[in-house]
Each structure stands twice: as C-alpha cells, then as structure tokens.
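File shown: my_file-v3.cif. Contents: mmCIF, C-alpha atoms and all ligand atoms.
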data_model
loop_
_atom_site.label_atom_id
_atom_site.label_comp_id
_atom_site.auth_asym_id
_atom_site.auth_seq_id
_atom_site.Cartn_x
_atom_site.Cartn_y
_atom_site.Cartn_z
CA MET A 1 38.35 45.31 18.73
CA ARG A 2 36.61 42.93 21.14
CA THR A 3 32.99 41.92 20.52
CA LYS A 4 31.35 44.23 23.07
CA THR A 5 33.27 47.19 21.67
CA ALA A 6 32.56 46.19 18.07
CA LEU A 7 28.81 46.22 18.79
CA ILE A 8 29.14 49.93 19.60
CA HIS A 9 32.05 51.06 17.43
CA GLY A 10 32.04 48.58 14.54
CA GLY A 11 31.02 49.44 10.99
CA LYS A 12 30.55 52.96 9.71
CA THR A 13 27.70 54.03 11.92
CA THR A 14 28.85 57.56 12.80
CA ASP A 15 27.83 60.26 10.31
CA PRO A 16 30.97 61.68 8.65
CA LEU A 17 29.16 64.87 7.65
CA THR A 18 27.92 66.07 11.05
CA GLY A 19 29.56 63.73 13.54
CA ALA A 20 26.14 62.48 14.64
CA VAL A 21 26.89 59.39 16.73
CA THR A 22 23.88 57.53 15.36
CA PRO A 23 23.41 56.91 11.65
CA PRO A 24 21.05 59.46 10.05
CA ILE A 25 17.96 57.95 8.42
CA TYR A 26 18.53 58.74 4.74
CA GLN A 27 14.92 58.53 3.62
CA THR A 28 15.74 58.88 -0.07
CA SER A 29 15.33 56.68 -3.12
CA THR A 30 17.89 58.43 -5.32
CA TYR A 31 20.97 60.69 -5.26
CA LYS A 32 21.99 63.76 -7.27
CA GLN A 33 24.82 63.05 -9.70
CA ASP A 34 27.45 65.74 -10.35
CA GLY A 35 27.45 64.83 -14.06
CA ILE A 36 26.51 61.52 -15.63
CA GLY A 37 27.85 58.70 -13.52
CA LYS A 38 29.68 61.12 -11.17
CA LEU A 39 28.41 59.82 -7.87
CA ARG A 40 29.09 61.23 -4.43
CA GLU A 41 30.34 58.47 -2.14
CA GLY A 42 29.10 55.89 -4.67
CA TYR A 43 25.39 56.31 -3.96
CA GLU A 44 23.18 56.09 -7.04
CA TYR A 45 19.82 54.51 -6.15
CA SER A 46 18.65 53.11 -2.80
CA ARG A 47 17.98 49.56 -3.98
CA SER A 48 21.68 49.37 -4.82
CA ALA A 49 22.87 51.18 -1.68
CA ASN A 50 21.60 53.56 0.99
CA PRO A 51 23.85 55.13 3.66
CA THR A 52 21.67 54.02 6.59
CA ARG A 53 21.64 50.48 5.23
CA THR A 54 25.41 50.72 4.68
CA ALA A 55 25.78 51.61 8.38
CA LEU A 56 24.03 48.36 9.32
CA GLU A 57 25.77 46.28 6.65
CA THR A 58 29.26 47.39 7.69
CA LEU A 59 28.37 46.84 11.36
CA ILE A 60 27.15 43.26 10.94
CA ALA A 61 30.16 42.42 8.74
CA ASP A 62 32.49 43.65 11.50
CA ILE A 63 30.81 41.81 14.35
CA GLU A 64 30.53 38.53 12.43
CA GLY A 65 34.12 38.86 11.23
CA GLY A 66 33.30 38.72 7.51
CA ALA A 67 34.21 40.78 4.46
CA ARG A 68 30.79 42.19 3.56
CA GLY A 69 27.34 42.51 5.07
CA PHE A 70 23.92 42.70 3.42
CA ALA A 71 20.56 43.77 4.82
CA PHE A 72 17.25 42.39 3.57
CA GLY A 73 13.57 43.06 4.17
CA SER A 74 13.22 39.93 6.33
CA GLY A 75 15.12 36.85 7.42
CA MET A 76 13.31 34.88 4.72
CA ALA A 77 14.34 37.43 2.08
CA ALA A 78 17.94 36.87 3.25
CA VAL A 79 17.54 33.06 3.08
CA SER A 80 15.89 33.24 -0.35
CA THR A 81 18.53 35.54 -1.82
CA VAL A 82 21.30 33.23 -0.58
CA LEU A 83 19.51 30.27 -2.22
CA MET A 84 19.45 32.18 -5.49
CA LEU A 85 23.23 31.68 -5.58
CA LEU A 86 22.23 28.20 -6.80
CA LYS A 87 20.73 27.08 -10.09
CA SER A 88 18.12 24.63 -11.22
CA GLY A 89 19.61 21.12 -10.92
CA ASP A 90 21.85 22.01 -7.98
CA HIS A 91 21.52 20.07 -4.73
CA VAL A 92 21.55 21.35 -1.14
CA ILE A 93 21.93 19.44 2.12
CA VAL A 94 19.66 21.11 4.68
CA GLY A 95 19.42 20.54 8.41
CA SER A 96 16.38 18.38 9.14
CA ASP A 97 14.88 20.68 11.76
CA VAL A 98 15.58 24.14 10.38
CA TYR A 99 13.18 27.01 11.00
CA GLY A 100 9.70 26.22 9.61
CA GLY A 101 9.75 29.08 7.10
CA THR A 102 13.13 27.91 5.81
CA TYR A 103 11.79 24.38 5.41
CA ARG A 104 8.81 25.80 3.51
CA VAL A 105 10.86 27.96 1.15
CA PHE A 106 13.05 24.97 0.28
CA ASN A 107 10.19 22.57 -0.08
CA ARG A 108 7.50 24.64 -1.72
CA VAL A 109 9.33 27.43 -3.52
CA PHE A 110 12.82 26.36 -4.55
CA GLN A 111 12.29 22.62 -5.03
CA SER A 112 9.47 23.28 -7.48
CA ARG A 113 11.89 25.51 -9.41
CA GLY A 114 14.46 22.78 -9.87
CA LEU A 115 16.60 22.99 -6.76
CA GLU A 116 17.10 19.62 -5.07
CA ALA A 117 17.21 19.45 -1.29
CA THR A 118 17.94 16.58 1.08
CA PHE A 119 17.03 17.10 4.73
CA VAL A 120 19.62 15.52 7.01
CA ASP A 121 20.29 15.42 10.74
CA THR A 122 23.38 17.63 10.56
CA SER A 123 24.42 16.72 14.11
CA ASP A 124 25.55 13.47 12.42
CA GLU A 125 28.65 14.35 10.39
CA GLN A 126 28.72 11.03 8.57
CA ALA A 127 25.06 11.38 7.53
CA VAL A 128 25.95 14.71 5.92
CA ARG A 129 28.94 13.19 4.15
CA ASP A 130 26.77 10.31 2.91
CA ALA A 131 24.21 12.76 1.50
CA ILE A 132 26.74 14.50 -0.76
CA GLN A 133 25.93 14.04 -4.46
CA ALA A 134 27.78 15.00 -7.64
CA ASN A 135 25.51 18.07 -7.96
CA THR A 136 25.70 19.15 -4.29
CA LYS A 137 26.58 22.84 -4.04
CA MET A 138 25.67 23.86 -0.49
CA ILE A 139 25.30 22.66 3.09
CA TYR A 140 22.75 24.75 5.02
CA VAL A 141 22.57 24.46 8.81
CA GLU A 142 21.32 26.07 12.02
CA THR A 143 22.90 25.42 15.40
CA PRO A 144 21.32 25.10 17.86
CA THR A 145 18.13 24.39 15.94
CA ASN A 146 14.64 25.71 16.36
CA PRO A 147 12.78 24.46 18.38
CA LEU A 148 14.67 21.28 19.27
CA LEU A 149 17.99 22.95 20.11
CA ASN A 150 20.01 20.23 18.34
CA VAL A 151 23.69 21.07 18.01
CA THR A 152 25.70 20.77 14.79
CA ASP A 153 29.49 20.75 14.80
CA LEU A 154 30.38 23.65 12.50
CA ARG A 155 34.05 22.69 12.15
CA ALA A 156 32.96 19.21 11.06
CA MET A 157 30.57 20.77 8.52
CA ARG A 158 33.49 22.84 7.17
CA ALA A 159 35.53 19.66 6.78
CA VAL A 160 32.72 17.96 4.81
CA ALA A 161 32.17 21.12 2.75
CA ASP A 162 35.89 21.16 1.88
CA GLU A 163 35.91 17.50 0.90
CA ALA A 164 32.99 18.11 -1.47
CA ASN A 165 34.02 21.66 -2.44
CA VAL A 166 30.62 23.16 -1.57
CA LEU A 167 29.41 26.27 0.25
CA LEU A 168 28.64 26.21 3.96
CA VAL A 169 25.77 28.48 5.03
CA VAL A 170 24.91 28.93 8.71
CA ASP A 171 21.79 30.57 10.15
CA ASN A 172 23.13 32.15 13.36
CA THR A 173 19.85 33.70 14.53
CA PHE A 174 19.65 31.76 17.81
CA MET A 175 23.18 32.36 19.06
CA THR A 176 23.77 35.85 17.61
CA PRO A 177 27.30 37.08 16.87
CA TYR A 178 27.67 37.81 20.58
CA PHE A 179 27.75 34.09 21.41
CA GLN A 180 28.89 32.44 18.17
CA ASN A 181 30.81 33.48 15.04
CA PRO A 182 30.34 30.85 12.32
CA ILE A 183 32.74 32.52 9.87
CA GLU A 184 35.62 31.88 12.29
CA LEU A 185 34.51 28.24 12.31
CA GLY A 186 34.44 28.01 8.52
CA ALA A 187 31.07 29.28 7.25
CA ASP A 188 31.02 30.98 3.85
CA TYR A 189 27.81 32.88 4.53
CA VAL A 190 26.21 33.59 7.89
CA LEU A 191 22.65 34.71 8.03
CA HIS A 192 20.29 36.15 10.60
CA SER A 193 16.71 36.93 11.11
CA ALA A 194 17.50 40.36 12.59
CA THR A 195 13.83 40.43 13.56
CA LYS A 196 14.91 38.41 16.59
CA TYR A 197 17.82 39.18 18.95
CA LEU A 198 19.63 41.73 16.79
CA GLY A 199 16.62 44.04 16.52
CA GLY A 200 15.64 42.77 19.95
CA HIS A 201 12.56 44.88 20.63
CA SER A 202 9.78 43.29 18.51
CA ASP A 203 9.57 46.41 16.40
CA VAL A 204 11.20 45.48 13.10
CA VAL A 205 11.33 42.64 10.54
CA ALA A 206 14.76 42.33 8.92
CA GLY A 207 17.34 39.87 7.62
CA LEU A 208 21.14 40.02 7.40
CA VAL A 209 23.83 38.06 5.59
CA VAL A 210 27.60 38.25 6.02
CA ALA A 211 29.96 36.87 3.38
CA ARG A 212 33.33 35.47 4.47
CA THR A 213 35.32 36.91 1.54
CA GLU A 214 35.05 39.83 -0.87
CA GLU A 215 34.50 37.37 -3.70
CA LEU A 216 31.59 35.64 -1.96
CA GLY A 217 30.33 39.15 -1.17
CA GLU A 218 30.38 40.13 -4.84
CA ASP A 219 28.17 37.17 -5.75
CA LEU A 220 25.61 38.15 -3.14
CA ALA A 221 25.81 41.89 -3.87
CA PHE A 222 24.79 41.16 -7.45
CA LEU A 223 21.75 39.20 -6.25
CA GLN A 224 20.79 41.71 -3.56
CA ASN A 225 20.64 44.48 -6.16
CA SER A 226 19.06 42.34 -8.89
CA VAL A 227 16.39 40.69 -6.75
CA GLY A 228 15.90 43.81 -4.64
CA ALA A 229 14.56 42.44 -1.33
CA VAL A 230 16.43 45.19 0.54
CA LEU A 231 15.86 46.67 3.99
CA GLY A 232 14.61 50.27 4.17
CA PRO A 233 16.46 53.07 5.98
CA GLN A 234 14.12 53.34 8.99
CA ASP A 235 14.36 49.63 9.66
CA SER A 236 18.13 49.67 9.11
CA PHE A 237 18.37 52.35 11.79
CA LEU A 238 16.32 50.27 14.23
CA VAL A 239 18.53 47.21 13.76
CA VAL A 240 21.71 49.28 14.31
CA ARG A 241 20.17 50.61 17.50
CA GLY A 242 19.23 47.12 18.63
CA ILE A 243 22.72 45.73 18.02
CA LYS A 244 24.31 48.33 20.31
CA THR A 245 22.74 46.69 23.39
CA LEU A 246 23.10 43.08 22.20
CA ALA A 247 25.79 42.16 24.73
CA VAL A 248 23.90 43.28 27.83
CA ARG A 249 20.66 41.80 26.56
CA MET A 250 22.19 38.41 25.76
CA GLU A 251 23.96 38.22 29.13
CA ALA A 252 20.78 39.04 31.05
CA ILE A 253 18.59 36.79 28.89
CA GLU A 254 20.95 33.88 29.39
CA ALA A 255 21.09 34.34 33.17
CA ASN A 256 17.29 34.31 33.24
CA ALA A 257 17.18 31.24 30.97
CA LEU A 258 19.57 29.23 33.15
CA ALA A 259 17.46 29.95 36.24
CA ILE A 260 14.30 28.92 34.39
CA VAL A 261 15.87 25.66 33.16
CA LYS A 262 16.70 24.84 36.76
CA THR A 263 13.13 25.28 37.98
CA LEU A 264 11.70 23.38 35.00
CA GLN A 265 13.96 20.45 35.85
CA SER A 266 12.20 19.99 39.16
CA ASN A 267 8.68 20.51 37.80
CA PRO A 268 6.63 17.27 37.61
CA ALA A 269 4.52 18.56 34.69
CA VAL A 270 7.56 18.78 32.43
CA SER A 271 8.87 15.63 30.76
CA ARG A 272 11.64 16.89 28.49
CA ILE A 273 13.67 20.09 28.60
CA LEU A 274 15.59 21.30 25.59
CA HIS A 275 18.32 23.91 26.07
CA PRO A 276 21.99 23.57 25.11
CA SER A 277 22.95 23.80 28.81
CA VAL A 278 21.16 20.50 29.52
CA ALA A 279 21.89 18.77 26.21
CA ALA A 280 23.49 15.31 26.07
CA GLU A 281 27.14 15.59 27.13
CA SER A 282 28.61 15.14 23.63
CA ALA A 283 26.29 17.77 22.11
CA LYS A 284 27.03 20.13 24.99
CA GLN A 285 30.78 19.74 24.46
CA VAL A 286 30.43 20.48 20.74
CA HIS A 287 28.33 23.53 21.56
CA LEU A 288 30.86 24.80 24.09
CA SER A 289 33.69 24.33 21.60
CA GLN A 290 32.07 26.74 19.17
CA ALA A 291 29.86 29.08 21.22
CA ARG A 292 30.35 31.31 24.25
CA GLY A 293 26.86 30.99 25.68
CA PHE A 294 23.73 28.87 25.74
CA GLY A 295 21.19 31.49 24.71
CA GLY A 296 17.64 32.20 25.74
CA MET A 297 15.54 29.69 23.81
CA ILE A 298 14.07 26.80 25.81
CA ALA A 299 11.59 24.12 24.79
CA PHE A 300 9.84 21.70 27.11
CA ASP A 301 7.23 19.00 26.76
CA VAL A 302 4.05 19.03 28.81
CA GLY A 303 2.71 15.80 27.33
CA SER A 304 -0.23 16.73 25.14
CA ALA A 305 -1.65 19.35 22.80
CA GLU A 306 -4.33 20.07 25.40
CA ALA A 307 -1.80 20.68 28.17
CA ALA A 308 0.34 22.87 25.91
CA GLU A 309 -2.70 24.95 25.02
CA GLN A 310 -3.54 25.37 28.71
CA VAL A 311 -0.02 26.46 29.58
CA VAL A 312 0.23 29.12 26.89
CA ALA A 313 -3.22 30.37 27.80
CA SER A 314 -2.29 30.66 31.47
CA THR A 315 0.94 32.67 31.51
CA LYS A 316 0.69 36.40 32.06
CA TYR A 317 4.23 37.64 31.45
CA PHE A 318 5.09 35.14 28.73
CA THR A 319 3.12 36.53 25.80
CA LEU A 320 1.57 34.03 23.41
CA ALA A 321 3.14 35.05 20.11
CA GLU A 322 5.35 33.90 17.28
CA SER A 323 8.88 35.26 17.03
CA LEU A 324 11.62 35.31 19.65
CA GLY A 325 14.64 37.18 20.89
CA ALA A 326 12.96 40.29 22.23
CA VAL A 327 12.99 42.14 25.54
CA GLU A 328 9.63 40.61 26.47
CA SER A 329 9.32 36.88 27.12
CA LEU A 330 7.30 35.00 24.54
CA ILE A 331 5.68 31.57 24.57
CA SER A 332 4.44 29.40 21.73
CA VAL A 333 3.45 25.90 20.66
CA PRO A 334 5.68 25.15 17.63
CA ALA A 335 3.50 22.33 16.24
CA ARG A 336 0.58 24.69 15.87
CA MET A 337 2.38 27.96 15.23
CA THR A 338 5.93 28.44 13.84
CA HIS A 339 6.19 24.86 12.59
CA ALA A 340 2.60 24.31 11.44
CA SER A 341 3.79 24.40 7.82
CA ILE A 342 5.71 21.16 8.44
CA PRO A 343 3.49 18.10 7.82
CA ALA A 344 2.31 16.42 11.06
CA GLU A 345 3.99 13.14 10.21
CA ARG A 346 7.32 14.84 9.67
CA ARG A 347 6.95 16.83 12.91
CA GLN A 348 6.49 13.54 14.78
CA GLU A 349 9.62 12.08 13.15
CA LEU A 350 11.61 15.12 14.19
CA GLY A 351 10.31 15.21 17.77
CA ILE A 352 8.28 18.40 17.45
CA THR A 353 5.55 16.89 19.57
CA ASP A 354 2.11 18.39 20.11
CA GLY A 355 2.94 18.97 23.78
CA LEU A 356 6.13 20.89 23.07
CA VAL A 357 6.10 24.45 24.39
CA ARG A 358 8.79 26.90 23.33
CA ILE A 359 9.77 29.96 25.30
CA SER A 360 11.92 32.90 24.35
CA VAL A 361 13.21 34.27 27.63
CA GLY A 362 13.16 38.05 27.96
CA LEU A 363 14.51 40.66 30.35
CA GLU A 364 11.79 40.71 33.00
CA ASP A 365 12.61 39.94 36.65
CA VAL A 366 13.37 36.23 36.66
CA GLU A 367 11.36 35.66 39.85
CA ASP A 368 8.24 36.90 38.07
CA LEU A 369 8.98 34.67 35.09
CA ILE A 370 9.49 31.60 37.28
CA GLU A 371 6.30 32.23 39.26
CA ASP A 372 4.43 32.75 36.01
CA LEU A 373 5.60 29.42 34.54
CA GLU A 374 5.05 27.53 37.76
CA SER A 375 1.48 28.65 38.10
CA ALA A 376 0.80 27.87 34.42
CA LEU A 377 2.31 24.41 34.86
CA ALA A 378 0.20 23.79 37.96
CA VAL A 379 -2.78 23.87 35.59
CA VAL A 380 -1.23 20.96 33.65
CA ASP A 381 -0.82 18.96 36.84
CA SER A 382 -4.47 19.34 37.59
CA ILE A 383 -5.34 18.09 34.05
CA LYS A 384 -3.21 15.00 34.61
CA LEU A 385 -4.93 14.26 37.94
C1 LIG A 401 12.55 33.89 12.30
C2 LIG A 401 13.62 33.09 11.71
C3 LIG A 401 13.88 33.13 10.34
C4 LIG A 401 13.05 33.96 9.39
O1 LIG A 401 13.20 35.33 9.63
P1 LIG A 401 12.04 36.44 9.36
O2 LIG A 401 12.70 37.70 9.79
O3 LIG A 401 10.86 36.04 10.18
O4 LIG A 401 11.73 36.40 7.90
C5 LIG A 401 14.92 32.37 9.86
N1 LIG A 401 15.66 31.58 10.68
C6 LIG A 401 15.43 31.49 12.00
C7 LIG A 401 16.28 30.63 12.85
C8 LIG A 401 14.40 32.23 12.56
O5 LIG A 401 14.16 32.15 13.87
#
Before we go any further, please render this structure as structure tokens.
Ligand SMILES: *Cc1c(COP(=O)(O)O)cnc(C)c1O
Amino acid sequence: MRTKTALIHGGKTTDPLTGAVTPPIYQTSTYKQDGIGKLREGYEYSRSANPTRTALETLIADIEGGARGFAFGSGMAAVSTVLMLLKSGDHVIVGSDVYGGTYRVFNRVFQSRGLEATFVDTSDEQAVRDAIQANTKMIYVETPTNPLLNVTDLRAMRAVADEANVLLVVDNTFMTPYFQNPIELGADYVLHSATKYLGGHSDVVAGLVVARTEELGEDLAFLQNSVGAVLGPQDSFLVVRGIKTLAVRMEAIEANALAIVKTLQSNPAVSRILHPSVAAESAKQVHLSQARGFGGMIAFDVGSAEAAEQVVASTKYFTLAESLGAVESLISVPARMTHASIPAERRQELGITDGLVRISVGLEDVEDLIEDLESALAVVDSIKL
C-alpha cells in the first residue's frame, strides 16, 4: 500500500460490527467480561486499550512502517513515556536544539531524577560519536529541528547507535510520515506531537509513538499502561480524521511555503531564512536523501526583538499563537514563546535570536499570505529607517 492509500485505508479504522467507515467513538472506561478474564476482542479497561484508540494506533503504525503504535494525551506525554524506558544512571545524547518542551523535560524533570543527558549538535555525526559514554542508552533527535531547521543524517545516527548498541529515537513531528519515515532509516521509536500536522486543525492535543519491532513495542506497551498518559476516544477519533487528509494538506502547505520562501529571499527586512529548501548544500542533500518534501515550517530573522514583535503584531492572516501544522497559518517569536524555557544564554549559543520569527504555513491562498507578510515586514523597514 502506498503512503496516500495507507493514510485512508491503513490500520483498523473501519468498524467490523457495522461497517461504519469511520471508527466509532467508544466512550467507555470498561468492558463486560463473559466470565472472569473472558474478554471480547481483548478489551478489559480503557487505560489498557480502547477500540477508538486502537484504530489510531494501528493506523500510525502502518503509515510509519512500524510494528506497533501508541497514542498518548500529548506529544510531551509520548516523549516522557519513551524516556521512562531508561533508568536512573542511564545517559542520553539529545539534539542541541530540540523542541523547547523536550529540552525542559530532559533538563528539569528527568535529569533531576538521575537520567544524564548531553546536548549535542546531531548534524555533526562525529560529535555524536564522541559523546557516547559507557552508560549511554539512547540517541534522541529531531530533523529538521525546531525552530532552526537543522538537518540530522538519520542513517548516520543509526550507524552510531549500532556501534554503541543504543536506541535511536526520532521526533518526526515536522516532516510527518507523509514526507519522512524514520523507521525505514533505522529509528527504533518514532514519535509525534499529533497536535500538529497529524491532527492538523488546531482542535486536539495528542502524541503518538511507533515502535520498529514487536519487542520494542512490548516495552512501550508496558509503560503506556503502567504510566497511563493515554489519549481518550474523542481525541483519538479526531487524529484519525486528521490523518486522512494529511497528503493533500502537506502538498498544499509545502507549495505555499516554497512561494513564501521565494518572496522572503528578496525582502530587505529579512536577514536569514531557515527552511530545508534553502539550507546549505550539504544539509539539503542529506535532507533530500531521507525525506520527500521540505515541509511548511519557516523561520526568518528580522534583526531585533522589537522588529519581531512588530511583525507578529502586524499580520492579519498569520495568527500569533504557539503550535504549528494546522490549516491556518501561525506566527510566533520562539525566543519569547515556544523556546522561552531555554535560558537566554543558551538560546544565543544555538542561534535562536531575539529577532527570529517562525511561521507555520497554512492552507490559505498564498497570495494573501505573501501580501500579509510583505506589509508586516514593511513596518520593520520603517523601524530601521
Ligand atoms: C509540539 C511539539 C512537541 C510536544 O507536543 P505537545 O503535543 O505539545 O505535547 C514535541 N516535539 C515537537 C517537535 C513539537 O513541535
């Protein structure tokens, strides 16, 4: 089954009982047993399993090409449950510019409970190799990263993970399974904030994980049930519905994004544009070797915190909001919003400057989006003069 077909026909999303083509919302916490331990279809209690959640979990496993899928109450619940695969005293190599919430959960939740983490620029394979310690158990990466759109070579990460015999975990939120399939490239676990492109409509908070093998799946299934940060049936339904249109949304979002990159390139108020399509040649080649598209996230620098604030206050179709990946275009200033939990000094080191503006391109008419950005950027020009 090809990807576009799998988005519609993958998993077990049709109801076997009635033939309903969408998964019914099984709003139930428990299930009648036909005698002690005699379960129908294996359902016992909805923390352990719920048919609507199963529909989503089988679907994401199919489209990511893994053995088992898991749905959680948020992307961070998914990240946290994956980190619980590790124990106090274990060491993780983490991409240096991962999502701000991921940085925070490593730094302020798991490190204080005995997990060691080293933040490394994972676009540098040798730096990752050099960071391996005797107690290293996991390499955790995003590609491209948020908001700097740095590219990490996933095949190279697999090679390092094999040398050290550690797990490779990839957050695939930005690319989605439509553009990139990390399991094919060697990831052991792939995770998503389904709040973003998979849900796609700014109406649900959810997280997903796919395990490469049954065995890796068993480890996570135990934690999902024990820790219990599961996704409810209504929200599972919404994510299944979102995934069905992922292909058309990603194609249209990318076309809009490429047109916007082009106009930003000729705008005098913009000093730096970050999008995989305009990355340095070597990074672009790595990206193209592992992904089928460039995606809809763009960041650009307007020079100062003041200018960035003016721009986000001036757009009318780009809504000032956190989050990304929805039908509506969003705009934000990472240093003061999504990445505010990263200390200022560290943000500077990473290149998350105060003037950096991030946009998540949506499905509006691209001419409206371009006009909107151009008039907002004209305000910056007048500040400079
Ligand atoms: C948003 C996001 C997360 C966290 O997901 P939530 O659903 O907000 O908990 C993790 N990783 C990336 C790349 C994200 O963009």
From the list A:Arg347, A:Lys262, A:His192, A:Lys316, which residue is nearest ligand LIG 401 (chain A) when using only C-alpha atoms and all ligand atoms?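 Result for the nearest residue to ligand LIG 401 (chain A): A:His192.
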Identify, counting all atoms listed in the file, the protein, DNA and RNA residues located within 6 Å of ligand LIG 401 (chain A), and give them as a list in words.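 Counting all atoms listed in the file, the residues within 6 Å of ligand LIG 401 (chain A) come out as Ser74, Gly75, Met76, Tyr99, Thr173, Ser193, Thr195, Val205, Ala206 and Gly207 of chain A.
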Please compute the atom CA of Ile298 of chain A-atom CA of Ala340 of chain A distance, one decimal, in Å.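 We find that atom CA of Ile298 of chain A and atom CA of Ala340 of chain A lie 18.6 Å from each other.
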Rank A:Asp219, A:Glu142, A:Glu184, A:Asp62 by their smallest atom-to-atom distance to Leu83 of chain A, using all atoms listed in the file, and report the top residue only.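 Ranking A:Asp219, A:Glu142, A:Glu184, A:Asp62 by distance to Leu83 of chain A, first place goes to A:Asp219.
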Please produce, as JSON lines, a per-residue contact table for segment 153-254 of chain A versus segment 320-323 of chain A (criterion: any atom at most 12 Å away, all atoms listed in the file considered), showing the nearest atom pair and its distance in Å to one decimal, sorted by chain then residue number.
{"residue": "A:Thr173", "atom": "CA", "partner": "A:Ser323", "partner_atom": "CA", "distance": 11.4}
{"residue": "A:Phe174", "atom": "CA", "partner": "A:Ser323", "partner_atom": "CA", "distance": 11.4}
{"residue": "A:Ser193", "atom": "CA", "partner": "A:Ser323", "partner_atom": "CA", "distance": 10.0}
{"residue": "A:Ala194", "atom": "CA", "partner": "A:Ser323", "partner_atom": "CA", "distance": 11.0}
{"residue": "A:Thr195", "atom": "CA", "partner": "A:Ser323", "partner_atom": "CA", "distance": 8.0}
{"residue": "A:Lys196", "atom": "CA", "partner": "A:Ser323", "partner_atom": "CA", "distance": 6.8}
{"residue": "A:Tyr197", "atom": "CA", "partner": "A:Ser323", "partner_atom": "CA", "distance": 9.9}
{"residue": "A:Gly199", "atom": "CA", "partner": "A:Ser323", "partner_atom": "CA", "distance": 11.7}
{"residue": "A:Gly200", "atom": "CA", "partner": "A:Ser323", "partner_atom": "CA", "distance": 10.5}
{"residue": "A:His201", "atom": "CA", "partner": "A:Ser323", "partner_atom": "CA", "distance": 10.9}
{"residue": "A:Ser202", "atom": "CA", "partner": "A:Ser323", "partner_atom": "CA", "distance": 8.2}
{"residue": "A:Asp203", "atom": "CA", "partner": "A:Ser323", "partner_atom": "CA", "distance": 11.2}
{"residue": "A:Val204", "atom": "CA", "partner": "A:Ser323", "partner_atom": "CA", "distance": 11.2}
{"residue": "A:Val205", "atom": "CA", "partner": "A:Ser323", "partner_atom": "CA", "distance": 10.1}
Pick from A:Arg53, A:Arg212, A:His275, A:Lys137 nearest to Ile359 of chain A, counting all atoms listed in the file: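 Nearest to Ile359 of chain A: A:His275.
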Among listed residues A:Asp354, A:Glu57, A:Glu116, A:Glu64, nearest Lys87 of chain A (using only C-alpha atoms):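 Between A:Asp354, A:Glu57, A:Glu116, A:Glu64, the residue approaching Lys87 of chain A most closely is A:Glu116.
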Enter the distance from atom CA of Val261 of chain A to atom CA of Gln348 of chain A, in Å, rounded to one decimal.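 That distance, rounded to one decimal, is 23.9 Å.
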Point out the residue among A:Val151, A:Val160, A:Val357, A:Leu167 with the least atom-to-atom distance to Gln285 of chain A, counting only C-alpha atoms.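 Looking only at the distances to Gln285 of chain A, the closest residue turns out to be A:Val151.
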For a quick check of understanding, using all atoms listed in the file, which of A:Met84, A:Leu216, A:Val170, A:Val109 has the smallest distance to Ala67 of chain A?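 For Ala67 of chain A, the nearest of the given residues is A:Leu216.
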Distance in Å - atom CA of Arg346 of chain A versus atom CA of Phe110 of chain A: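 If I compute the distance from atom CA of Arg346 of chain A to atom CA of Phe110 of chain A, I get 19.1 Å.
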Using only C-alpha atoms, which residues sit within 8 Å of Gly89 of chain A once same-chain residues fewer than 6 positions away are excluded, as a list in words?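 So the residues in contact are Gly114, Leu115, Glu116 and Asn135 of chain A.
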